[in-house]
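Content type mmCIF, C-alpha atoms and all ligand atoms; chains and numbers go by the auth columns, from the file protein_35.cif:
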data_upload
loop_
_atom_site.group_PDB
_atom_site.id
_atom_site.type_symbol
_atom_site.label_atom_id
_atom_site.label_comp_id
_atom_site.label_asym_id
_atom_site.label_seq_id
_atom_site.Cartn_x
_atom_site.Cartn_y
_atom_site.Cartn_z
_atom_site.B_iso_or_equiv
_atom_site.auth_seq_id
_atom_site.auth_asym_id
ATOM 1 C CA MET A 1 -5.755 -20.495 -12.437 0.00 1 K
ATOM 2 C CA ALA A 2 -2.719 -22.781 -12.471 0.00 2 K
ATOM 3 C CA LEU A 3 0.320 -20.869 -13.603 0.00 3 K
ATOM 4 C CA ASP A 4 3.317 -22.615 -15.056 0.00 4 K
ATOM 5 C CA PHE A 5 5.771 -20.087 -16.409 0.00 5 K
ATOM 6 C CA LYS A 6 8.030 -22.764 -17.854 0.00 6 K
ATOM 7 C CA PRO A 7 7.331 -22.122 -20.652 0.00 7 K
ATOM 8 C CA ILE A 8 5.519 -18.781 -20.927 0.00 8 K
ATOM 9 C CA ASP A 9 2.792 -19.998 -23.252 0.00 9 K
ATOM 10 C CA SER A 10 -0.373 -18.070 -22.431 0.00 10 K
ATOM 11 C CA LEU A 11 -1.242 -14.391 -22.715 0.00 11 K
ATOM 12 C CA TYR A 12 -2.001 -14.330 -19.006 0.00 12 K
ATOM 13 C CA GLU A 13 1.454 -15.619 -18.067 0.00 13 K
ATOM 14 C CA GLY A 14 3.085 -13.440 -20.692 0.00 14 K
ATOM 15 C CA LEU A 15 1.484 -10.240 -19.446 0.00 15 K
ATOM 16 C CA ILE A 16 2.459 -11.029 -15.856 0.00 16 K
ATOM 17 C CA ALA A 17 6.030 -11.581 -17.045 0.00 17 K
ATOM 18 C CA VAL A 18 6.364 -8.338 -19.043 0.00 18 K
ATOM 19 C CA ILE A 19 4.303 -5.860 -16.993 0.00 19 K
ATOM 20 C CA PRO A 20 7.142 -5.372 -14.442 0.00 20 K
ATOM 21 C CA ALA A 21 9.500 -4.684 -17.375 0.00 21 K
ATOM 22 C CA MET A 22 7.081 -2.087 -18.729 0.00 22 K
ATOM 23 C CA PHE A 23 7.067 -0.254 -15.405 0.00 23 K
ATOM 24 C CA ALA A 24 10.852 -0.561 -15.095 0.00 24 K
ATOM 25 C CA ASN A 25 11.167 0.930 -18.569 0.00 25 K
ATOM 26 C CA ALA A 26 8.707 3.798 -18.048 0.00 26 K
ATOM 27 C CA THR A 27 9.996 4.979 -14.665 0.00 27 K
ATOM 28 C CA PRO A 28 13.566 6.290 -15.363 0.00 28 K
ATOM 29 C CA VAL A 29 12.285 9.393 -17.160 0.00 29 K
ATOM 30 C CA LEU A 30 10.574 10.437 -13.903 0.00 30 K
ATOM 31 C CA ALA A 31 13.826 10.178 -11.955 0.00 31 K
ATOM 32 C CA ARG A 32 15.355 13.304 -13.526 0.00 32 K
ATOM 33 C CA GLY A 33 18.759 11.703 -13.082 0.00 33 K
ATOM 34 C CA ARG A 34 22.018 13.645 -13.175 0.00 34 K
ATOM 35 C CA ARG A 35 24.692 10.993 -12.748 0.00 35 K
ATOM 36 C CA PRO A 36 25.480 9.275 -16.053 0.00 36 K
ATOM 37 C CA ILE A 37 26.218 5.566 -15.618 0.00 37 K
ATOM 38 C CA ASP A 38 29.189 5.850 -17.953 0.00 38 K
ATOM 39 C CA GLY A 39 30.591 8.705 -15.848 0.00 39 K
ATOM 40 C CA GLY A 40 31.286 10.642 -19.039 0.00 40 K
ATOM 41 C CA LEU A 41 33.539 7.860 -20.287 0.00 41 K
ATOM 42 C CA LYS A 42 34.226 7.575 -23.995 0.00 42 K
ATOM 43 C CA PHE A 43 34.549 4.354 -25.983 0.00 43 K
ATOM 44 C CA LEU A 44 37.365 3.522 -28.423 0.00 44 K
ATOM 45 C CA ASP A 45 35.512 5.397 -31.169 0.00 45 K
ATOM 46 C CA GLY A 46 35.705 8.614 -29.172 0.00 46 K
ATOM 47 C CA ARG A 47 31.975 8.685 -28.560 0.00 47 K
ATOM 48 C CA ARG A 48 30.264 8.308 -25.205 0.00 48 K
ATOM 49 C CA LEU A 49 29.927 4.770 -23.907 0.00 49 K
ATOM 50 C CA LEU A 50 26.189 5.202 -23.136 0.00 50 K
ATOM 51 C CA GLY A 51 25.517 8.935 -23.034 0.00 51 K
ATOM 52 C CA ASP A 52 23.794 11.338 -20.636 0.00 52 K
ATOM 53 C CA GLY A 53 20.390 9.666 -21.148 0.00 53 K
ATOM 54 C CA LYS A 54 21.383 6.684 -19.002 0.00 54 K
ATOM 55 C CA THR A 55 21.726 7.699 -15.357 0.00 55 K
ATOM 56 C CA TRP A 56 22.149 5.834 -12.072 0.00 56 K
ATOM 57 C CA GLU A 57 19.029 7.491 -10.693 0.00 57 K
ATOM 58 C CA GLY A 58 17.012 6.316 -13.686 0.00 58 K
ATOM 59 C CA LEU A 59 18.428 2.806 -13.524 0.00 59 K
ATOM 60 C CA ILE A 60 17.724 2.397 -9.809 0.00 60 K
ATOM 61 C CA ALA A 61 14.254 3.958 -10.075 0.00 61 K
ATOM 62 C CA GLY A 62 13.407 1.566 -12.902 0.00 62 K
ATOM 63 C CA LEU A 63 14.630 -1.480 -11.027 0.00 63 K
ATOM 64 C CA VAL A 64 12.782 -0.517 -7.855 0.00 64 K
ATOM 65 C CA ALA A 65 9.547 0.252 -9.714 0.00 65 K
ATOM 66 C CA GLY A 66 9.644 -3.018 -11.641 0.00 66 K
ATOM 67 C CA ALA A 67 10.489 -5.032 -8.538 0.00 67 K
ATOM 68 C CA ILE A 68 7.606 -3.446 -6.603 0.00 68 K
ATOM 69 C CA VAL A 69 5.141 -4.167 -9.408 0.00 69 K
ATOM 70 C CA GLY A 70 6.338 -7.793 -9.551 0.00 70 K
ATOM 71 C CA PHE A 71 6.007 -8.075 -5.787 0.00 71 K
ATOM 72 C CA LEU A 72 2.483 -6.651 -5.833 0.00 72 K
ATOM 73 C CA LEU A 73 1.454 -8.990 -8.655 0.00 73 K
ATOM 74 C CA ALA A 74 2.837 -11.914 -6.639 0.00 74 K
ATOM 75 C CA LEU A 75 0.882 -10.767 -3.606 0.00 75 K
ATOM 76 C CA VAL A 76 -2.394 -10.208 -5.425 0.00 76 K
ATOM 77 C CA LEU A 77 -2.182 -13.439 -7.401 0.00 77 K
ATOM 78 C CA GLY A 78 -0.858 -15.458 -4.448 0.00 78 K
ATOM 79 C CA GLU A 79 2.078 -16.811 -6.430 0.00 79 K
ATOM 80 C CA PRO A 80 5.520 -16.017 -4.885 0.00 80 K
ATOM 81 C CA GLN A 81 7.333 -17.042 -8.056 0.00 81 K
ATOM 82 C CA ILE A 82 5.935 -13.954 -9.779 0.00 82 K
ATOM 83 C CA ALA A 83 8.089 -11.686 -7.594 0.00 83 K
ATOM 84 C CA TYR A 84 11.183 -13.464 -8.903 0.00 84 K
ATOM 85 C CA ILE A 85 9.924 -13.301 -12.489 0.00 85 K
ATOM 86 C CA GLY A 86 9.203 -9.579 -12.044 0.00 86 K
ATOM 87 C CA LEU A 87 12.700 -8.958 -10.757 0.00 87 K
ATOM 88 C CA LEU A 88 14.284 -10.791 -13.697 0.00 88 K
ATOM 89 C CA SER A 89 11.966 -8.995 -16.090 0.00 89 K
ATOM 90 C CA SER A 90 12.927 -5.586 -14.660 0.00 90 K
ATOM 91 C CA ILE A 91 16.668 -6.276 -14.598 0.00 91 K
ATOM 92 C CA GLY A 92 16.476 -7.590 -18.161 0.00 92 K
ATOM 93 C CA ALA A 93 14.556 -4.498 -19.267 0.00 93 K
ATOM 94 C CA MET A 94 17.217 -2.166 -17.899 0.00 94 K
ATOM 95 C CA ILE A 95 20.030 -4.223 -19.449 0.00 95 K
ATOM 96 C CA GLY A 96 18.238 -4.110 -22.806 0.00 96 K
ATOM 97 C CA ASP A 97 17.888 -0.336 -22.526 0.00 97 K
ATOM 98 C CA LEU A 98 21.599 0.085 -21.756 0.00 98 K
ATOM 99 C CA ILE A 99 22.624 -2.181 -24.634 0.00 99 K
ATOM 100 C CA ALA A 100 20.416 -0.181 -27.003 0.00 100 K
ATOM 101 C CA SER A 101 22.084 3.078 -25.964 0.00 101 K
ATOM 102 C CA PHE A 102 25.495 1.462 -26.362 0.00 102 K
ATOM 103 C CA ILE A 103 24.536 0.446 -29.920 0.00 103 K
ATOM 104 C CA LYS A 104 23.103 3.897 -30.695 0.00 104 K
ATOM 105 C CA ARG A 105 26.307 5.616 -29.596 0.00 105 K
ATOM 106 C CA ARG A 106 28.403 3.213 -31.700 0.00 106 K
ATOM 107 C CA LEU A 107 26.245 4.159 -34.689 0.00 107 K
ATOM 108 C CA GLY A 108 27.054 7.801 -33.968 0.00 108 K
ATOM 109 C CA MET A 109 23.527 8.677 -32.847 0.00 109 K
ATOM 110 C CA GLN A 110 23.140 11.486 -30.339 0.00 110 K
ATOM 111 C CA ARG A 111 21.320 10.956 -27.063 0.00 111 K
ATOM 112 C CA GLY A 112 17.595 10.929 -27.764 0.00 112 K
ATOM 113 C CA ALA A 113 17.971 10.354 -31.511 0.00 113 K
ATOM 114 C CA PRO A 114 15.182 8.078 -32.747 0.00 114 K
ATOM 115 C CA ALA A 115 16.131 4.471 -33.461 0.00 115 K
ATOM 116 C CA PRO A 116 12.900 2.777 -34.605 0.00 116 K
ATOM 117 C CA ILE A 117 12.288 -0.700 -33.194 0.00 117 K
ATOM 118 C CA LEU A 118 15.445 -0.503 -31.057 0.00 118 K
ATOM 119 C CA ASP A 119 13.898 2.294 -28.944 0.00 119 K
ATOM 120 C CA GLN A 120 10.541 0.543 -28.626 0.00 120 K
ATOM 121 C CA LEU A 121 11.630 -3.019 -28.043 0.00 121 K
ATOM 122 C CA ASN A 122 15.004 -2.930 -26.257 0.00 122 K
ATOM 123 C CA PHE A 123 13.433 -3.368 -22.831 0.00 123 K
ATOM 124 C CA TYR A 124 11.164 -6.160 -24.031 0.00 124 K
ATOM 125 C CA VAL A 125 13.939 -8.156 -25.694 0.00 125 K
ATOM 126 C CA GLY A 126 16.131 -7.650 -22.627 0.00 126 K
ATOM 127 C CA ALA A 127 13.403 -8.858 -20.278 0.00 127 K
ATOM 128 C CA VAL A 128 12.538 -11.905 -22.363 0.00 128 K
ATOM 129 C CA ALA A 129 16.218 -12.767 -22.848 0.00 129 K
ATOM 130 C CA LEU A 130 16.999 -12.719 -19.130 0.00 130 K
ATOM 131 C CA LEU A 131 13.860 -14.710 -18.317 0.00 131 K
ATOM 132 C CA TYR A 132 14.858 -17.182 -21.017 0.00 132 K
ATOM 133 C CA ILE A 133 18.348 -17.598 -19.556 0.00 133 K
ATOM 134 C CA ALA A 134 16.759 -18.231 -16.147 0.00 134 K
ATOM 135 C CA GLY A 135 14.674 -21.061 -17.618 0.00 135 K
ATOM 136 C CA PHE A 136 11.456 -19.160 -18.326 0.00 136 K
ATOM 137 C CA THR A 137 11.379 -19.890 -22.023 0.00 137 K
ATOM 138 C CA ILE A 138 8.710 -18.434 -24.270 0.00 138 K
ATOM 139 C CA THR A 139 6.805 -19.819 -27.230 0.00 139 K
ATOM 140 C CA PRO A 140 7.314 -18.023 -30.590 0.00 140 K
ATOM 141 C CA ILE A 141 3.675 -16.969 -30.811 0.00 141 K
ATOM 142 C CA MET A 142 3.798 -15.431 -27.321 0.00 142 K
ATOM 143 C CA PHE A 143 7.087 -13.736 -28.155 0.00 143 K
ATOM 144 C CA ILE A 144 5.496 -11.987 -31.134 0.00 144 K
ATOM 145 C CA THR A 145 2.211 -11.197 -29.362 0.00 145 K
ATOM 146 C CA LEU A 146 3.974 -9.648 -26.371 0.00 146 K
ATOM 147 C CA ALA A 147 6.375 -7.742 -28.643 0.00 147 K
ATOM 148 C CA ILE A 148 3.404 -6.020 -30.284 0.00 148 K
ATOM 149 C CA ILE A 149 1.811 -5.235 -26.920 0.00 149 K
ATOM 150 C CA SER A 150 5.103 -4.010 -25.417 0.00 150 K
ATOM 151 C CA GLY A 151 5.956 -1.848 -28.418 0.00 151 K
ATOM 152 C CA THR A 152 2.497 -0.260 -28.366 0.00 152 K
ATOM 153 C CA ALA A 153 2.689 0.336 -24.609 0.00 153 K
ATOM 154 C CA HIS A 154 6.106 1.953 -25.029 0.00 154 K
ATOM 155 C CA ILE A 155 4.834 4.329 -27.717 0.00 155 K
ATOM 156 C CA ALA A 156 1.787 5.267 -25.634 0.00 156 K
ATOM 157 C CA ALA A 157 3.862 5.839 -22.482 0.00 157 K
ATOM 158 C CA ASN A 158 6.325 8.056 -24.340 0.00 158 K
ATOM 159 C CA MET A 159 3.549 10.153 -25.861 0.00 159 K
ATOM 160 C CA VAL A 160 2.155 10.741 -22.384 0.00 160 K
ATOM 161 C CA ALA A 161 5.648 11.606 -21.078 0.00 161 K
ATOM 162 C CA TYR A 162 6.069 14.053 -23.965 0.00 162 K
ATOM 163 C CA LYS A 163 2.697 15.713 -23.321 0.00 163 K
ATOM 164 C CA LEU A 164 3.598 16.035 -19.645 0.00 164 K
ATOM 165 C CA LYS A 165 6.879 17.666 -20.762 0.00 165 K
ATOM 166 C CA LEU A 166 8.905 14.910 -19.065 0.00 166 K
ATOM 167 C CA LYS A 167 10.495 14.144 -22.431 0.00 167 K
ATOM 168 C CA ASN A 168 11.647 16.508 -25.164 0.00 168 K
ATOM 169 C CA VAL A 169 10.768 14.088 -27.945 0.00 169 K
ATOM 170 C CA PRO A 170 7.714 11.815 -28.292 0.00 170 K
ATOM 171 C CA TRP A 171 9.755 8.609 -28.852 0.00 171 K
HETATM 172 N N1 LIG B . 16.710 7.809 -18.179 0.00 1 I
HETATM 173 C C1 LIG B . 17.624 7.803 -17.144 0.00 1 I
HETATM 174 N N2 LIG B . 18.325 6.664 -16.830 0.00 1 I
HETATM 175 C C2 LIG B . 18.127 5.532 -17.531 0.00 1 I
HETATM 176 C C3 LIG B . 17.211 5.507 -18.594 0.00 1 I
HETATM 177 C C4 LIG B . 16.521 6.663 -18.901 0.00 1 I
HETATM 178 O O1 LIG B . 17.819 8.822 -16.487 0.00 1 I
HETATM 179 N N3 LIG B . 18.821 4.431 -17.171 0.00 1 I
HETATM 180 C C5 LIG B . 15.949 9.042 -18.459 0.00 1 I
HETATM 181 C C6 LIG B . 16.792 10.074 -19.219 0.00 1 I
HETATM 182 O O2 LIG B . 16.388 11.349 -18.787 0.00 1 I
HETATM 183 C C7 LIG B . 16.392 9.828 -20.659 0.00 1 I
HETATM 184 C C8 LIG B . 14.902 9.508 -20.504 0.00 1 I
HETATM 185 O O3 LIG B . 14.831 8.768 -19.290 0.00 1 I
HETATM 186 O O4 LIG B . 16.613 10.949 -21.474 0.00 1 I
HETATM 187 C C9 LIG B . 14.326 8.698 -21.651 0.00 1 I
HETATM 188 O O5 LIG B . 14.971 7.457 -21.779 0.00 1 I
HETATM 189 P P1 LIG B . 15.487 6.941 -23.194 0.00 1 I
HETATM 190 O O6 LIG B . 14.530 7.296 -24.260 0.00 1 I
HETATM 191 O O7 LIG B . 15.827 5.524 -22.994 0.00 1 I
HETATM 192 O O8 LIG B . 16.851 7.754 -23.357 0.00 1 I
HETATM 193 P P2 LIG B . 17.342 8.762 -24.490 0.00 1 I
HETATM 194 O O9 LIG B . 17.482 10.114 -23.872 0.00 1 I
HETATM 195 O O10 LIG B . 16.507 8.633 -25.697 0.00 1 I
HETATM 196 O O11 LIG B . 18.813 8.271 -24.803 0.00 1 I
HETATM 197 P P3 LIG B . 19.307 7.172 -25.857 0.00 1 I
HETATM 198 O O12 LIG B . 19.512 7.878 -27.150 0.00 1 I
HETATM 199 O O13 LIG B . 20.557 6.674 -25.248 0.00 1 I
HETATM 200 O O14 LIG B . 18.236 6.124 -25.938 0.00 1 I
HETATM 201 MG MG MG B . 14.945 7.611 -26.372 0.00 2 I
#
What does the file become when written as structure tokens?
Ligand code: CTP
Ligand code: MG
Amino acid sequence: MALDFKPIDSLYEGLIAVIPAMFANATPVLARGRRPIDGGLKFLDGRRLLGDGKTWEGLIAGLVAGAIVGFLLALVLGEPQIAYIGLLSSIGAMIGDLIASFIKRRLGMQRGAPAPILDQLNFYVGAVALLYIAGFTITPIMFITLAIISGTAHIAANMVAYKLKLKNVPW
């Protein structure tokens, strides 16, 4: 199948583009990180910049996992460009996750407090935004379709993590 990711306009291309982000997003909880990225730093409002839920170990584990998945997809599908897309997707996912925590702290929400939509879609919006900046634009219909798939995958992954006692809350 001929793949042209500029723009991302088929479900096949879309899934290839977001699957690395999904893995990047699901992996940090396994890392059991201890080193907060913000180093305990507080923002002007006196609250933590990001909080203890965002660690270096988690960030690196997520990036590595996403990059590996992108690389494997590239290998299996024989399309080197997919490794690059996977890397962008993973980096974007982690940036989206950090921005979401920054917003949550500014709203006075404790680490782990539920923020519907923000919790489920931060990684997806981050991934799509970085891909977009890099020239991999997306059609509106694919944006919505993949948002639904990504949000559902996030909910399912968190329920599994909760059942496995990796997370204290199921969101
Ligand atoms: N995690 C991590 N490093 C990251 C992201 C996540 O170590 N960069 C781990 C943390 O143990 C975190 C768990 O994965 O508690 C779940 O991630 P998430 O739900 O994003 O964090 P929350 O604890 O809910 O924190 P926040 O309120 O900031 O979203
Ligand atoms: Mg959370």
Review point. Near Leu49 (chain K), counting only C-alpha atoms, which residues have an atom at most 8 Å away, once you skip same-chain residues fewer than 2 positions from it, shown as a ChimeraX atom specification?
Key: /K:38,40-43,47,51,102,105
Exercise for review: Could you jot down the CA of Ile85 (chain K) to CA of Asp52 (chain K) separation for me, Å, one decimal place?
Suggested key: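 Computed distance, CA of Ile85 (chain K) to CA of Asp52 (chain K), equals 29.4 Å.
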Practice item. Return the single residue from K:Leu77, K:Ala61, K:Leu44, K:Ala129 that is closest to Val18 (chain K), with distances computed using only C-alpha atoms. Key: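 For Val18 (chain K), the nearest of the given residues is K:Ala129.
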Review point. If you apply the PyMOL selection byres (((not hetatm)) within 10 of (chain I and resi 2)) to this file, what residues do you get, as a VMD selection string?
Key: chain K and resid 29 53 to 54 97 100 to 101 104 110 to 116 118 to 120 158 167 to 171
**Study point:** Residue among K:Leu50, K:Ile103, K:Ile82, K:Ala161 lying closest to Leu15 (chain K), counting only C-alpha atoms
**Key:**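 For Leu15 (chain K), the nearest of the candidates is K:Ile82.
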Exercise for review: Evaluate the PyMOL selection byres (((chain K and resi 65) around 12) and not hetatm) on the structure here and hand back the selected residues as a PyMOL selection string.
Suggested key: chain K and resi 19-28+30-31+57-64+66-72+86-87+89-91+93-94
Check your understanding: Expanded to explicit residues, what is the PyMOL selection byres (((chain K and resi 14) around 12) and not hetatm) for this file, as a PyMOL selection string?
Key -> chain K and resi 3-13+15-21+82+85-86+89+124+127-128+131+136-147+149-150
Could you dump the residues just selected with C-alpha atoms as an mmCIF file, in the coordinates of the input?
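As written to disk, result23.cif reads:
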data_model
loop_
_atom_site.group_PDB
_atom_site.id
_atom_site.type_symbol
_atom_site.label_atom_id
_atom_site.label_comp_id
_atom_site.auth_asym_id
_atom_site.auth_seq_id
_atom_site.Cartn_x
_atom_site.Cartn_y
_atom_site.Cartn_z
ATOM 1 C CA LEU K 3 0.320 -20.869 -13.603
ATOM 2 C CA ASP K 4 3.317 -22.615 -15.056
ATOM 3 C CA PHE K 5 5.771 -20.087 -16.409
ATOM 4 C CA LYS K 6 8.030 -22.764 -17.854
ATOM 5 C CA PRO K 7 7.331 -22.122 -20.652
ATOM 6 C CA ILE K 8 5.519 -18.781 -20.927
ATOM 7 C CA ASP K 9 2.792 -19.998 -23.252
ATOM 8 C CA SER K 10 -0.373 -18.070 -22.431
ATOM 9 C CA LEU K 11 -1.242 -14.391 -22.715
ATOM 10 C CA TYR K 12 -2.001 -14.330 -19.006
ATOM 11 C CA GLU K 13 1.454 -15.619 -18.067
ATOM 12 C CA LEU K 15 1.484 -10.240 -19.446
ATOM 13 C CA ILE K 16 2.459 -11.029 -15.856
ATOM 14 C CA ALA K 17 6.030 -11.581 -17.045
ATOM 15 C CA VAL K 18 6.364 -8.338 -19.043
ATOM 16 C CA ILE K 19 4.303 -5.860 -16.993
ATOM 17 C CA PRO K 20 7.142 -5.372 -14.442
ATOM 18 C CA ALA K 21 9.500 -4.684 -17.375
ATOM 19 C CA ILE K 82 5.935 -13.954 -9.779
ATOM 20 C CA ILE K 85 9.924 -13.301 -12.489
ATOM 21 C CA GLY K 86 9.203 -9.579 -12.044
ATOM 22 C CA SER K 89 11.966 -8.995 -16.090
ATOM 23 C CA TYR K 124 11.164 -6.160 -24.031
ATOM 24 C CA ALA K 127 13.403 -8.858 -20.278
ATOM 25 C CA VAL K 128 12.538 -11.905 -22.363
ATOM 26 C CA LEU K 131 13.860 -14.710 -18.317
ATOM 27 C CA PHE K 136 11.456 -19.160 -18.326
ATOM 28 C CA THR K 137 11.379 -19.890 -22.023
ATOM 29 C CA ILE K 138 8.710 -18.434 -24.270
ATOM 30 C CA THR K 139 6.805 -19.819 -27.230
ATOM 31 C CA PRO K 140 7.314 -18.023 -30.590
ATOM 32 C CA ILE K 141 3.675 -16.969 -30.811
ATOM 33 C CA MET K 142 3.798 -15.431 -27.321
ATOM 34 C CA PHE K 143 7.087 -13.736 -28.155
ATOM 35 C CA ILE K 144 5.496 -11.987 -31.134
ATOM 36 C CA THR K 145 2.211 -11.197 -29.362
ATOM 37 C CA LEU K 146 3.974 -9.648 -26.371
ATOM 38 C CA ALA K 147 6.375 -7.742 -28.643
ATOM 39 C CA ILE K 149 1.811 -5.235 -26.920
ATOM 40 C CA SER K 150 5.103 -4.010 -25.417
#
Centre and edge lengths of an axis-aligned box around all listed atoms of ligand LIG 1 (chain I), with 6 Å added on each side, are to be given in Å to one decimal, as AutoDock Vina command-line options.
--center_x 17.4 --center_y 7.9 --center_z -21.8 --size_x 18.2 --size_y 18.9 --size_z 22.7
Starting from the incomplete input, reconstruct all heavy atoms of region 13-21 of chain K and report them as a CSV table (one decimal), in the frame of the given file.
chain,number,residue,atom,x,y,z
K,13,GLU,N,0.1,-15.5,-18.6
K,13,GLU,CA,1.5,-15.6,-18.1
K,13,GLU,C,2.4,-14.6,-18.7
K,13,GLU,O,3.2,-14.0,-18.0
K,13,GLU,CB,2.0,-17.0,-18.4
K,13,GLU,CG,1.3,-18.1,-17.6
K,13,GLU,CD,1.7,-19.5,-18.1
K,13,GLU,OE1,2.5,-19.6,-19.1
K,13,GLU,OE2,1.2,-20.5,-17.5
K,14,GLY,N,2.2,-14.4,-20.0
K,14,GLY,CA,3.1,-13.4,-20.7
K,14,GLY,C,2.9,-12.0,-20.2
K,14,GLY,O,4.0,-11.3,-20.0
K,15,LEU,N,1.7,-11.6,-19.9
K,15,LEU,CA,1.5,-10.2,-19.4
K,15,LEU,C,2.1,-10.1,-18.0
K,15,LEU,O,2.7,-9.1,-17.7
K,15,LEU,CB,0.0,-9.9,-19.4
K,15,LEU,CG,-0.6,-9.6,-20.8
K,15,LEU,CD1,-2.1,-9.5,-20.7
K,15,LEU,CD2,0.0,-8.4,-21.5
K,16,ILE,N,1.9,-11.1,-17.2
K,16,ILE,CA,2.5,-11.0,-15.9
K,16,ILE,C,4.0,-10.9,-16.0
K,16,ILE,O,4.6,-10.2,-15.2
K,16,ILE,CB,2.1,-12.3,-15.0
K,16,ILE,CG1,0.6,-12.3,-14.7
K,16,ILE,CG2,2.9,-12.4,-13.8
K,16,ILE,CD1,0.0,-13.6,-14.2
K,17,ALA,N,4.6,-11.6,-16.9
K,17,ALA,CA,6.0,-11.6,-17.0
K,17,ALA,C,6.6,-10.2,-17.6
K,17,ALA,O,7.6,-9.8,-17.2
K,17,ALA,CB,6.5,-12.7,-18.0
K,18,VAL,N,5.8,-9.6,-18.5
K,18,VAL,CA,6.4,-8.3,-19.0
K,18,VAL,C,5.9,-7.0,-18.4
K,18,VAL,O,6.5,-6.0,-18.5
K,18,VAL,CB,6.1,-8.2,-20.6
K,18,VAL,CG1,6.8,-9.3,-21.3
K,18,VAL,CG2,4.7,-8.1,-20.9
K,19,ILE,N,4.8,-7.1,-17.6
K,19,ILE,CA,4.3,-5.9,-17.0
K,19,ILE,C,5.4,-5.2,-16.1
K,19,ILE,O,5.6,-4.0,-16.1
K,19,ILE,CB,2.9,-6.1,-16.3
K,19,ILE,CG1,1.8,-6.1,-17.4
K,19,ILE,CG2,2.6,-5.0,-15.3
K,19,ILE,CD1,0.5,-6.6,-16.9
K,20,PRO,N,6.1,-6.0,-15.2
K,20,PRO,CA,7.1,-5.4,-14.4
K,20,PRO,C,8.2,-4.7,-15.3
K,20,PRO,O,8.7,-3.6,-15.0
K,20,PRO,CB,7.8,-6.6,-13.7
K,20,PRO,CG,6.6,-7.5,-13.6
K,20,PRO,CD,5.9,-7.4,-14.9
K,21,ALA,N,8.5,-5.3,-16.4
K,21,ALA,CA,9.5,-4.7,-17.4
K,21,ALA,C,9.0,-3.4,-17.9
K,21,ALA,O,9.7,-2.4,-18.1
K,21,ALA,CB,9.8,-5.7,-18.5
